[in-house]
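Here is the structure we will look at.
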Amino acid sequence: MSDRIGARLAGERRADRPGPLSNMVYFDVDRPIDQPEAEAMTRHCCDQMTDQVNWQCDQHDEPFSCPDALVYFAAKYQEYGLIIHDGGASVIGIEFCPWCGGRLPESQRDRWFQELESRGIDPWEDEVPAEFEDERWLAL
Ligand SMILES: [Zn+2]
Ligand SMILES: [Zn+2]
């Protein structure tokens with residue numbers, strides 16, 4: 001195999017893996033939220049963000065079907081996004097808080113994959129430990 005092909009394959013492998021969010025990138029949320037986000041322990045930049053992340057509506061079970069839900073917080077990746085209400089589960093990533101203007105924490109997506117890899121866990125094939133499904137893994 002030539003170096004050029006090797007580099008191309010390495011690039012393709014990297015492309016398989018979802019990259020960190022930028023405000024240019026749309027992503028689909030891995031799975032519907034089945035737990036209230038209020039259980040998350042992450043501190044957010046301001047009260048408005050905390051209120052938005054913890055938004056609960058008695059008419060809609062999950063934020064993608066609630067027109068009043070604005071922010072999706074992926075605790076395990078520490079990523080914030082604005083919910084796109086197009087009937088699907090799409091979010092557009094944000095790097096700054098729309099309310100206080102503060103820079104949001106850096107995405108931990110790459111580290112999440114690295115940590116699992118270092119444990120010999122393939123997140124696409126193997127069962128992901130519970131502490132990796134939210135922000136608890138960050139404190140390990
Ligand atoms: Zn609602
Ligand atoms: Zn804020």
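For the structure tokens, the naming scheme is as follows: chains receive sequential letters (A, B, ...) according to their order of presentation, residues are indexed from 1 within each chain, and ligands are indexed from 1 in presentation order.
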(request) Would you kindly return, as a list of chain:residue names, each protein, DNA or RNA residue with an atom no farther than 9 Å from any atom of Ala74 (chain A), considering only C-alpha atoms and excluding same-chain residues fewer than 6 positions away? (result) A:Val29, A:Tyr80, A:Gly81, A:Asp134, A:Glu135
Dump N, CA and C atoms for the selected residues as a tab-separated table (two decimals), in the first residue's frame?
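Contents of part11.tsv, freshly written:
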chain	number	residue	atom	x	y	z
A	29	VAL	N	-28.58	13.69	17.03
A	29	VAL	CA	-28.36	13.20	18.38
A	29	VAL	C	-28.42	11.68	18.37
A	80	TYR	N	-23.10	21.75	23.51
A	80	TYR	CA	-24.36	22.48	23.51
A	80	TYR	C	-24.81	22.70	22.08
A	81	GLY	N	-26.11	22.62	21.88
A	81	GLY	CA	-26.62	22.88	20.55
A	81	GLY	C	-28.02	23.46	20.61
A	134	ASP	N	-23.18	9.87	30.58
A	134	ASP	CA	-23.36	11.28	30.94
A	134	ASP	C	-22.00	11.83	31.37
A	135	GLU	N	-22.00	12.88	32.18
A	135	GLU	CA	-20.72	13.54	32.44
A	135	GLU	C	-19.89	12.86	33.52
(message) as JSON, numbers by chain, please: every protein or nucleic acid residue near ligand 2 (cut-off 9 Å, counting only C-alpha atoms and all ligand atoms).
(response) {"A": [44, 45, 46, 47, 48, 49, 50, 96, 97, 98, 99, 100, 101, 102, 103, 104]}
Within 8 Å of ligand 1, counting only C-alpha atoms and all ligand atoms, residues as a tab-separated table (two decimals) with N, CA, C and O atoms, in the first residue's frame:
chain	number	residue	atom	x	y	z
A	56	GLN	N	-38.27	21.57	31.12
A	56	GLN	CA	-39.19	20.45	31.17
A	56	GLN	C	-40.58	20.98	30.87
A	56	GLN	O	-40.96	22.02	31.40
A	57	CYS	N	-41.28	20.23	30.06
A	57	CYS	CA	-42.60	20.65	29.63
A	57	CYS	C	-43.55	19.53	29.94
A	57	CYS	O	-43.24	18.36	29.72
A	58	ASP	N	-44.73	19.87	30.46
A	58	ASP	CA	-45.66	18.79	30.80
A	58	ASP	C	-46.47	18.32	29.59
A	58	ASP	O	-47.24	17.39	29.69
A	59	GLN	N	-46.27	18.97	28.45
A	59	GLN	CA	-47.02	18.54	27.27
A	59	GLN	C	-46.18	17.71	26.30
A	59	GLN	O	-46.72	17.04	25.43
A	60	HIS	N	-44.86	17.81	26.43
A	60	HIS	CA	-43.99	17.08	25.51
A	60	HIS	C	-42.95	16.31	26.32
A	60	HIS	O	-42.29	16.87	27.17
A	61	ASP	N	-42.80	15.04	25.98
A	61	ASP	CA	-41.89	14.19	26.74
A	61	ASP	C	-40.43	14.48	26.42
A	61	ASP	O	-39.56	14.29	27.23
A	63	PRO	N	-37.45	17.03	24.21
A	63	PRO	CA	-37.29	18.41	23.74
A	63	PRO	C	-37.50	18.59	22.24
A	63	PRO	O	-37.88	19.67	21.80
A	65	SER	N	-39.77	17.48	20.39
A	65	SER	CA	-41.16	17.70	20.02
A	65	SER	C	-41.75	18.92	20.72
A	65	SER	O	-42.91	19.24	20.52
A	66	CYS	N	-40.96	19.58	21.55
A	66	CYS	CA	-41.47	20.75	22.28
A	66	CYS	C	-40.95	22.03	21.63
A	66	CYS	O	-39.76	22.30	21.65
A	67	PRO	N	-41.85	22.83	21.08
A	67	PRO	CA	-41.40	24.06	20.41
A	67	PRO	C	-40.73	25.04	21.35
A	67	PRO	O	-40.02	25.94	20.89
A	68	ASP	N	-40.94	24.89	22.65
A	68	ASP	CA	-40.33	25.82	23.60
A	68	ASP	C	-38.93	25.40	24.03
A	68	ASP	O	-38.23	26.16	24.69
A	69	ALA	N	-38.53	24.18	23.68
A	69	ALA	CA	-37.19	23.72	24.05
A	69	ALA	C	-36.19	24.26	23.04
A	69	ALA	O	-36.35	24.07	21.83
(request) Excluding Phe73 (chain A) and any residue of its chain fewer than 3 positions from it, enumerate the residues within 12 Å of it, using only C-alpha atoms, and give them as JSON, numbers by chain. (result) {"A": [21, 29, 33, 36, 37, 38, 40, 41, 42, 43, 44, 49, 50, 51, 52, 53, 54, 55, 63, 69, 70, 76, 77, 78, 79, 80, 81, 82, 83, 91, 92, 93, 94, 95, 97, 104, 105, 107, 134, 135]}
(message) As an exercise, work out the distance from CA of Ser118 (chain A) to CA of Tyr72 (chain A) in Å and give it to one decimal place.
(response) 28.0 Å
